[in-house]
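Participant: What follows is entry_31.cif, mmCIF, C-alpha atoms.
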```cif
data_work
#
loop_
_atom_site.label_atom_id
_atom_site.label_comp_id
_atom_site.auth_asym_id
_atom_site.auth_seq_id
_atom_site.Cartn_x
_atom_site.Cartn_y
_atom_site.Cartn_z
CA MET A 14 257.30 -56.38 13.38
CA LEU A 15 260.57 -54.77 12.19
CA ALA A 16 260.65 -57.01 9.10
CA LYS A 17 257.07 -56.00 8.24
CA ARG A 18 257.90 -52.30 8.66
CA LEU A 19 260.95 -52.65 6.39
CA LEU A 20 258.99 -54.49 3.70
CA VAL A 21 256.35 -51.77 3.65
CA VAL A 22 259.01 -49.05 3.40
CA ILE A 23 260.82 -50.87 0.58
CA PHE A 24 257.52 -51.16 -1.28
CA LEU A 25 256.22 -47.62 -0.73
CA ILE A 26 259.32 -45.45 -1.15
CA PRO A 27 259.90 -46.19 -4.88
CA ILE A 28 256.21 -45.49 -5.56
CA PHE A 29 256.35 -42.17 -3.71
CA VAL A 30 259.61 -41.11 -5.40
CA THR A 31 258.24 -41.95 -8.85
CA LEU A 32 255.03 -40.01 -8.26
CA PHE A 33 256.94 -37.07 -6.79
CA PHE A 34 259.20 -36.81 -9.83
CA TYR A 35 256.29 -37.25 -12.24
CA GLY A 36 254.15 -34.66 -10.47
CA GLY A 37 250.98 -33.40 -12.11
CA VAL A 38 247.52 -34.90 -11.65
CA PRO A 39 248.62 -38.40 -10.51
CA TYR A 40 250.72 -36.90 -7.69
CA ALA A 41 247.91 -34.53 -6.63
CA VAL A 42 245.41 -37.41 -6.62
CA VAL A 43 247.64 -39.53 -4.37
CA ILE A 44 248.25 -36.63 -1.96
CA ASN A 45 244.48 -36.08 -1.80
CA LEU A 46 243.96 -39.75 -1.04
CA ILE A 47 246.62 -39.78 1.69
CA MET A 48 245.34 -36.62 3.36
CA GLY A 49 241.73 -37.75 3.08
CA VAL A 50 242.58 -40.93 4.98
CA ALA A 51 244.55 -38.89 7.55
CA ALA A 52 241.52 -36.62 8.04
CA TRP A 53 239.31 -39.65 8.66
CA GLU A 54 241.83 -40.99 11.19
CA TYR A 55 241.96 -37.61 12.95
CA CYS A 56 238.18 -37.56 13.44
CA ARG A 57 238.24 -41.20 14.50
CA ILE A 58 240.68 -40.42 17.33
CA PHE A 59 238.49 -37.64 18.74
CA ARG A 60 235.40 -39.80 18.50
CA ARG A 61 237.13 -42.15 20.92
CA GLY A 62 236.91 -39.28 23.41
CA GLU A 63 233.16 -38.89 22.84
CA TYR A 64 233.54 -35.80 20.68
CA SER A 65 231.86 -35.64 17.29
CA PRO A 66 233.94 -33.77 14.73
CA LEU A 67 232.21 -33.48 11.37
CA THR A 68 234.01 -36.27 9.53
CA ILE A 69 232.54 -35.80 6.06
CA ILE A 70 232.96 -32.02 6.16
CA THR A 71 236.52 -32.43 7.45
CA ILE A 72 237.48 -34.78 4.64
CA VAL A 73 235.79 -32.70 1.92
CA SER A 74 237.38 -29.49 3.21
CA VAL A 75 240.84 -31.10 3.35
CA LEU A 76 240.44 -32.27 -0.24
CA ALA A 77 239.26 -28.80 -1.28
CA LEU A 78 242.30 -27.11 0.25
CA ILE A 79 244.74 -29.54 -1.38
CA THR A 80 243.02 -29.49 -4.76
CA SER A 81 242.86 -25.70 -4.81
CA ARG A 82 246.58 -25.53 -3.97
CA ALA A 83 247.29 -27.87 -6.90
CA ILE A 84 245.20 -25.83 -9.34
CA TRP A 85 245.63 -22.21 -8.20
CA GLY A 86 248.47 -22.20 -5.69
CA PHE A 87 247.66 -19.78 -2.89
CA ALA A 88 245.16 -17.81 -5.00
CA PHE A 89 241.55 -17.91 -3.76
CA SER A 90 242.73 -19.28 -0.38
CA ASP A 91 240.97 -16.43 1.44
CA LEU A 92 237.63 -17.29 -0.17
CA ILE A 93 238.00 -21.03 0.43
CA ILE A 94 239.01 -20.59 4.08
CA THR A 95 236.13 -18.18 4.69
CA LEU A 96 233.60 -20.62 3.24
CA ILE A 97 235.04 -23.48 5.31
CA VAL A 98 234.88 -21.59 8.62
CA LEU A 99 231.35 -20.32 8.01
CA GLY A 100 230.18 -23.70 6.75
CA VAL A 101 231.55 -25.60 9.75
CA MET A 102 229.96 -23.15 12.19
CA ALA A 103 226.60 -23.40 10.43
CA ALA A 104 226.76 -27.20 10.55
CA GLU A 105 227.60 -27.19 14.27
CA VAL A 106 224.70 -24.86 15.04
CA VAL A 107 222.44 -27.49 13.45
CA GLN A 108 224.16 -30.17 15.55
CA TYR A 109 223.56 -28.20 18.74
CA GLU A 110 219.89 -27.87 17.86
CA ARG A 111 219.90 -31.67 17.63
CA LYS A 112 221.02 -31.84 21.27
CA ASP A 113 224.76 -32.33 20.63
CA CYS A 114 226.14 -30.76 23.82
CA HIS A 115 229.73 -30.86 22.45
CA ALA A 116 228.94 -28.85 19.30
CA ALA A 117 231.06 -25.83 20.29
CA SER A 118 234.07 -28.06 21.05
CA ASP A 119 233.43 -30.02 17.86
CA PHE A 120 233.51 -26.76 15.91
CA ALA A 121 237.07 -26.10 17.13
CA ILE A 122 238.17 -29.74 16.69
CA THR A 123 236.82 -29.88 13.13
CA LEU A 124 238.52 -26.66 12.08
CA ALA A 125 241.80 -27.71 13.67
CA GLY A 126 241.79 -30.95 11.68
CA ILE A 127 240.88 -29.20 8.44
CA PHE A 128 243.66 -26.66 8.67
CA TYR A 129 246.32 -28.90 10.14
CA ILE A 130 245.86 -31.72 7.64
CA GLY A 131 244.43 -29.74 4.71
CA TRP A 132 246.32 -26.45 4.75
CA ILE A 133 249.62 -27.80 6.06
CA GLY A 134 249.28 -31.03 4.07
CA ALA A 135 248.92 -28.96 0.89
CA TYR A 136 252.60 -28.01 1.22
CA PHE A 137 253.32 -31.42 -0.32
CA ILE A 138 251.88 -29.79 -3.44
CA SER A 139 253.57 -26.42 -2.92
CA VAL A 140 257.04 -27.95 -2.56
CA ARG A 141 256.59 -29.98 -5.74
CA ASN A 142 255.46 -26.85 -7.62
CA LEU A 143 258.60 -24.88 -6.73
CA PRO A 144 261.25 -24.45 -9.45
CA ASP A 145 263.26 -27.69 -9.34
CA GLY A 146 260.63 -28.84 -6.84
CA GLN A 147 261.21 -32.51 -7.50
CA TRP A 148 264.83 -32.14 -6.37
CA TRP A 149 263.98 -29.97 -3.37
CA GLY A 150 261.37 -32.53 -2.34
CA MET A 151 263.94 -35.29 -2.60
CA LEU A 152 266.07 -33.26 -0.21
CA ILE A 153 263.36 -32.44 2.33
CA THR A 154 261.89 -35.93 2.70
CA PRO A 155 265.24 -37.73 3.18
CA ALA A 156 266.08 -35.16 5.88
CA ILE A 157 263.28 -36.73 7.93
CA TRP A 158 264.43 -40.27 7.16
CA PHE A 159 268.00 -39.45 8.20
CA ALA A 160 266.85 -37.77 11.40
CA ASP A 161 264.43 -40.53 12.40
CA GLY A 162 266.89 -43.32 11.67
CA ALA A 163 269.76 -41.69 13.56
CA ALA A 164 267.55 -40.63 16.48
CA PHE A 165 266.23 -44.18 16.87
CA THR A 166 269.68 -45.80 16.67
CA ILE A 167 271.51 -43.33 18.90
CA GLY A 168 268.65 -43.05 21.37
CA ARG A 169 268.39 -46.81 21.67
CA HIS A 170 272.08 -47.28 22.47
CA PHE A 171 273.05 -44.05 24.20
CA GLY A 172 269.82 -42.37 25.28
CA ARG A 173 269.73 -41.46 28.96
CA HIS A 174 267.79 -38.21 29.27
CA LYS A 175 264.09 -38.26 28.41
CA MET A 176 263.01 -35.57 25.99
CA ALA A 177 259.24 -35.62 26.61
CA PRO A 178 258.53 -38.33 29.18
CA VAL A 179 254.80 -37.66 29.38
CA VAL A 180 254.06 -37.43 25.66
CA SER A 181 256.67 -39.84 24.25
CA PRO A 182 258.68 -41.73 26.90
CA ASN A 183 261.00 -43.40 24.39
CA LYS A 184 262.45 -40.20 22.94
CA THR A 185 265.73 -38.93 24.41
CA TRP A 186 267.77 -35.78 24.03
CA GLU A 187 270.75 -37.86 22.94
CA GLY A 188 268.71 -39.38 20.11
CA TYR A 189 267.29 -35.99 19.17
CA LEU A 190 270.71 -34.32 18.92
CA GLY A 191 272.11 -37.29 17.03
CA GLY A 192 269.23 -37.04 14.58
CA VAL A 193 269.79 -33.31 14.01
CA ILE A 194 273.52 -33.74 13.38
CA ALA A 195 273.08 -36.77 11.12
CA SER A 196 270.31 -35.11 9.15
CA GLY A 197 272.38 -31.96 8.61
CA LEU A 198 275.43 -33.88 7.39
CA PHE A 199 273.66 -36.43 5.20
CA THR A 200 271.30 -33.84 3.70
CA ALA A 201 274.32 -31.69 2.81
CA LEU A 202 275.89 -34.71 1.11
CA LEU A 203 272.68 -35.43 -0.77
CA ALA A 204 272.48 -31.78 -1.84
CA TRP A 205 275.99 -32.09 -3.26
CA LEU A 206 274.74 -34.97 -5.43
CA TRP A 207 271.56 -33.14 -6.50
CA HIS A 208 273.65 -30.03 -7.35
CA MET A 209 274.71 -31.76 -10.56
CA ARG A 210 271.07 -31.82 -11.71
CA ALA A 211 269.82 -28.62 -10.06
CA PRO A 212 272.62 -26.06 -9.56
CA VAL A 213 270.49 -23.98 -7.17
CA ILE A 214 270.74 -26.81 -4.64
CA THR A 215 274.05 -26.49 -2.79
CA PRO A 216 275.58 -28.38 0.15
CA GLU A 217 275.24 -25.26 2.27
CA ARG A 218 271.51 -25.08 1.62
CA GLY A 219 271.25 -28.80 2.19
CA LEU A 220 272.96 -28.44 5.56
CA LEU A 221 270.59 -25.64 6.55
CA LEU A 222 267.54 -27.61 5.46
CA GLY A 223 268.67 -30.75 7.25
CA LEU A 224 269.41 -28.95 10.51
CA ALA A 225 266.25 -26.83 10.52
CA ILE A 226 263.85 -29.62 9.55
CA SER A 227 265.31 -32.21 11.92
CA ALA A 228 265.40 -29.69 14.78
CA VAL A 229 261.74 -28.67 14.53
CA SER A 230 259.81 -31.49 12.85
CA PRO A 231 259.89 -33.82 15.90
CA LEU A 232 257.23 -31.50 17.32
CA GLY A 233 254.88 -32.96 14.74
CA ASP A 234 255.50 -36.44 16.12
CA LEU A 235 255.08 -35.22 19.69
CA GLY A 236 251.94 -33.31 18.80
CA GLU A 237 250.23 -36.35 17.32
CA SER A 238 251.36 -38.44 20.29
CA MET A 239 249.78 -35.86 22.59
CA ILE A 240 246.42 -36.23 20.83
CA LYS A 241 246.55 -40.03 20.83
CA ARG A 242 247.59 -40.28 24.48
CA GLN A 243 244.75 -38.06 25.62
CA PHE A 244 242.31 -40.61 24.18
CA GLY A 245 244.29 -43.77 24.88
CA VAL A 246 244.97 -44.52 21.21
CA LYS A 247 248.18 -46.29 20.15
CA ASP A 248 247.87 -45.87 16.36
CA SER A 249 245.62 -43.60 14.32
CA SER A 250 244.54 -46.73 12.39
CA LYS A 251 245.93 -50.05 11.13
CA ILE A 252 245.90 -49.15 7.45
CA ILE A 253 249.68 -49.52 6.96
CA PRO A 254 250.97 -52.89 8.20
CA GLY A 255 253.55 -52.45 10.92
CA HIS A 256 253.31 -48.66 10.81
CA GLY A 257 249.82 -47.80 12.02
CA GLY A 258 247.90 -45.13 10.15
CA MET A 259 248.56 -42.41 7.61
CA LEU A 260 248.55 -39.76 10.32
CA ASP A 261 251.21 -41.72 12.21
CA ARG A 262 253.50 -41.54 9.16
CA LEU A 263 252.69 -37.93 8.28
CA ASP A 264 253.22 -36.38 11.71
CA SER A 265 256.79 -35.15 11.07
CA TRP A 266 256.42 -34.79 7.30
CA LEU A 267 253.66 -32.21 7.63
CA TRP A 268 256.04 -29.96 9.56
CA ALA A 269 258.96 -30.76 7.28
CA MET A 270 257.15 -29.82 4.07
CA ALA A 271 255.83 -26.52 5.43
CA ILE A 272 259.19 -25.51 6.93
CA GLY A 273 261.09 -26.75 3.89
CA TYR A 274 258.89 -24.77 1.51
CA TYR A 275 259.59 -21.43 3.17
CA LEU A 276 263.29 -22.14 3.65
CA VAL A 277 263.65 -22.94 -0.04
CA LYS A 278 261.54 -19.96 -1.11
CA TYR A 279 263.07 -17.24 1.02
CA LEU A 280 266.61 -18.27 2.04
#
```
As structure tokens - that is how I would like this structure written.

Facilitator:
Amino acid sequence: MLAKRLLVVIFLIPIFVTLFFYGGVPYAVVINLIMGVAAWEYCRIFRRGEYSPLTIITIVSVLALITSRAIWGFAFSDLIITLIVLGVMAAEVVQYERKDCHAASDFAITLAGIFYIGWIGAYFISVRNLPDGQWWGMLITPAIWFADGAAFTIGRHFGRHKMAPVVSPNKTWEGYLGGVIASGLFTALLAWLWHMRAPVITPERGLLLGLAISAVSPLGDLGESMIKRQFGVKDSSKIIPGHGGMLDRLDSWLWAMAIGYYLVKYL
């Protein structure tokens, strides 16, 4: 299993890095594809619990939010969000008339998926569109890799105190703290290297990014685990060999990109 996971990572990371640096339409298309699959997985999980989120509308709305962010940034977001909310409610009224007794719950579940995966997922676009966005992105994403790798290694060897025993029994406070420290230090070092290409990126900012992202983004992992555990699901899908689904890989990155964007923009 570990060998399969490593092979997939070795294959995918160069592709992602190349697309991120290239940006433009190819990058936006790939982000749409990834988030569209994640939206399908999200609806699939809730259907295991006998709910019926509107899968097609969820996917289309997610793609609309990401595409609009790529074309217009945050402009027209108010109009798009308004149309999505009204459209989902209208569709669920029709579903209720068709004797779907969970239509009101499905309304909330559908909107939650649209905004969590579509609106938050669109920060993959927003980060790339920042000045020197390719370099900031290559600072934010490794912060997650450093944190996850250190948390796994330290937690496995020294973990004693469970962090969230109900949601994720394998996570420990020792691993969490180790991940935060490692991410802060290694992201600062990486920022020192990127500073030669993008002077605005400094080790101090790298340290701040690494600490903030690694401290908060595990909530994304725990949040997805909460959803899956409620419905007895181990992986959101089997689309990535050895890793599960897209949503399983995006859980922390969604938080990291949103947090990273505002830290870069305002600090």

Participant: List as a PDB file with C-alpha atoms, keeping the file's coordinate frame the protein and nucleic acid residues near A:Ala77, meaning an atom at most 10 Å away when all atoms listed in the file are counted, but skip any in the same chain fewer than 3 places from it.

Facilitator:
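Output file around_24.pdb follows:
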```
ATOM      1  CA  ASN A  45     244.480 -36.080  -1.800  1.00  0.00           C
ATOM      2  CA  THR A  71     236.520 -32.430   7.450  1.00  0.00           C
ATOM      3  CA  ILE A  72     237.480 -34.780   4.640  1.00  0.00           C
ATOM      4  CA  VAL A  73     235.790 -32.700   1.920  1.00  0.00           C
ATOM      5  CA  SER A  74     237.380 -29.490   3.210  1.00  0.00           C
ATOM      6  CA  THR A  80     243.020 -29.490  -4.760  1.00  0.00           C
ATOM      7  CA  SER A  81     242.860 -25.700  -4.810  1.00  0.00           C
ATOM      8  CA  ARG A  82     246.580 -25.530  -3.970  1.00  0.00           C
ATOM      9  CA  ALA A  83     247.290 -27.870  -6.900  1.00  0.00           C
ATOM     10  CA  ILE A  93     238.000 -21.030   0.430  1.00  0.00           C
ATOM     11  CA  ILE A  94     239.010 -20.590   4.080  1.00  0.00           C
ATOM     12  CA  ILE A  97     235.040 -23.480   5.310  1.00  0.00           C
ATOM     13  CA  ILE A 127     240.880 -29.200   8.440  1.00  0.00           C
ATOM     14  CA  GLY A 131     244.430 -29.740   4.710  1.00  0.00           C
ATOM     15  CA  TRP A 132     246.320 -26.450   4.750  1.00  0.00           C
ATOM     16  CA  ALA A 135     248.920 -28.960   0.890  1.00  0.00           C
TER      17      ALA A 135
END
```

Participant: Decode the PyMOL selection byres ((chain A and resi 225-227) around 9) for the given file into explicit residues and return them as a list in words.

Facilitator: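 Applied to this file, the PyMOL selection byres ((chain A and resi 225-227) around 9) returns Ile153, Ala156, Ile157, Phe159, Ala160, Asp161, Tyr189, Gly192, Val193, Ile194, Ser196, Gly197, Leu220, Leu221, Leu222, Gly223, Leu224, Ala228, Val229, Ser230, Pro231, Trp268, Ala269, Met270, Ile272, Gly273 and Leu276 of chain A.
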
Participant: Pull out every residue that the PyMOL selection byres ((chain A and resi 86) around 12) matches in the shown coordinates and put them as a count of residues only.

Facilitator: 23

Participant: How far is it from atom CA of A:Gly245 to atom CA of A:Ser181, in Å with one decimal?

Facilitator: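 About the pair atom CA of A:Gly245 and atom CA of A:Ser181: they are 13.0 Å apart.
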
Participant: Go through A:Phe120, A:Phe29, A:Trp186, A:Trp53 one by one, measure the shortest atom-to-atom distance of each to A:Glu105 using only C-alpha atoms, and give the residue with the smallest value.

Facilitator: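 Ranking A:Phe120, A:Phe29, A:Trp186, A:Trp53 by distance to A:Glu105, first place goes to A:Phe120.
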
Participant: Between atom CA of A:Pro178 and atom CA of A:Arg242, what is the distance in Å, rounded to a tenth?

Facilitator: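 That distance, rounded to one decimal, is 12.1 Å.
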
Participant: Just so the selection is clear, what residues does the PyMOL selection byres ((chain A and resi 30) around 12) cover here, as a list of chain:residue names?

Facilitator: A:Val22, A:Ile23, A:Phe24, A:Leu25, A:Ile26, A:Pro27, A:Ile28, A:Phe29, A:Thr31, A:Leu32, A:Phe33, A:Phe34, A:Tyr35, A:Gly36, A:Tyr40, A:Arg141, A:Gln147, A:Trp148, A:Gly150, A:Met151, A:Leu152, A:Thr154, A:Pro155

Participant: Hey, can you spit out that residue selection with C-alpha atoms as a PDB file, keeping the file's coordinate frame?

Facilitator:
```
ATOM      1  CA  VAL A  22     259.010 -49.050   3.400  1.00  0.00           C
ATOM      2  CA  ILE A  23     260.820 -50.870   0.580  1.00  0.00           C
ATOM      3  CA  PHE A  24     257.520 -51.160  -1.280  1.00  0.00           C
ATOM      4  CA  LEU A  25     256.220 -47.620  -0.730  1.00  0.00           C
ATOM      5  CA  ILE A  26     259.320 -45.450  -1.150  1.00  0.00           C
ATOM      6  CA  PRO A  27     259.900 -46.190  -4.880  1.00  0.00           C
ATOM      7  CA  ILE A  28     256.210 -45.490  -5.560  1.00  0.00           C
ATOM      8  CA  PHE A  29     256.350 -42.170  -3.710  1.00  0.00           C
ATOM      9  CA  THR A  31     258.240 -41.950  -8.850  1.00  0.00           C
ATOM     10  CA  LEU A  32     255.030 -40.010  -8.260  1.00  0.00           C
ATOM     11  CA  PHE A  33     256.940 -37.070  -6.790  1.00  0.00           C
ATOM     12  CA  PHE A  34     259.200 -36.810  -9.830  1.00  0.00           C
ATOM     13  CA  TYR A  35     256.290 -37.250 -12.240  1.00  0.00           C
ATOM     14  CA  GLY A  36     254.150 -34.660 -10.470  1.00  0.00           C
ATOM     15  CA  TYR A  40     250.720 -36.900  -7.690  1.00  0.00           C
ATOM     16  CA  ARG A 141     256.590 -29.980  -5.740  1.00  0.00           C
ATOM     17  CA  GLN A 147     261.210 -32.510  -7.500  1.00  0.00           C
ATOM     18  CA  TRP A 148     264.830 -32.140  -6.370  1.00  0.00           C
ATOM     19  CA  GLY A 150     261.370 -32.530  -2.340  1.00  0.00           C
ATOM     20  CA  MET A 151     263.940 -35.290  -2.600  1.00  0.00           C
ATOM     21  CA  LEU A 152     266.070 -33.260  -0.210  1.00  0.00           C
ATOM     22  CA  THR A 154     261.890 -35.930   2.700  1.00  0.00           C
ATOM     23  CA  PRO A 155     265.240 -37.730   3.180  1.00  0.00           C
TER      24      PRO A 155
END
```

Participant: Which residue, A:Phe199, A:Tyr109, A:Tyr129, A:Phe59, has the smallest gap to A:Leu263 when you use all atoms listed in the file?

Facilitator: A:Tyr129

Participant: Report the distance between atom CA of A:Trp149 and atom CA of A:Leu260 in Å, rounded to one decimal place.

Facilitator: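 Distance between the two atoms: 22.8 Å.
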
Participant: For a quick check of your reading of the model, name the residues lying within 8 Å of the coordinate (228.3, -32.4, 8.2), counting all atoms listed in the file, and write them as a list in words.

Facilitator: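 Using all atoms listed in the file, the matching residues come out as Leu67, Thr68, Ile69, Ile70, Val101 and Ala104 of chain A.
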
Participant: Residues as selected, C-alpha atoms, written as a PDB file, keeping the file's coordinate frame, can you do that?

Facilitator:
```pdb
ATOM      1  CA  LEU A  67     232.210 -33.480  11.370  1.00  0.00           C
ATOM      2  CA  THR A  68     234.010 -36.270   9.530  1.00  0.00           C
ATOM      3  CA  ILE A  69     232.540 -35.800   6.060  1.00  0.00           C
ATOM      4  CA  ILE A  70     232.960 -32.020   6.160  1.00  0.00           C
ATOM      5  CA  VAL A 101     231.550 -25.600   9.750  1.00  0.00           C
ATOM      6  CA  ALA A 104     226.760 -27.200  10.550  1.00  0.00           C
TER       7      ALA A 104
END
```

Participant: Counting only C-alpha atoms, figure out which residue out of A:Arg262, A:Gln108, A:Ile47, A:Pro66 gets nearest to A:Trp158.

Facilitator: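 Nearest candidate to A:Trp158 out of A:Arg262, A:Gln108, A:Ile47, A:Pro66: A:Arg262.
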
Participant: Nearest residue to A:Gly236 out of A:Ala195, A:Ala177, A:Ala211, A:Ala201, using only C-alpha atoms?

Facilitator: A:Ala177

Participant: Name the residues in contact with stretch 247-253 of chain A at a cut-off of 9 Å, using all atoms listed in the file, excluding same-chain residues fewer than 3 positions from it; report them as JSON, numbers by chain.

Facilitator: {"A": [18, 21, 51, 54, 55, 57, 58, 238, 241, 242, 256, 257, 258, 259, 260, 261]}
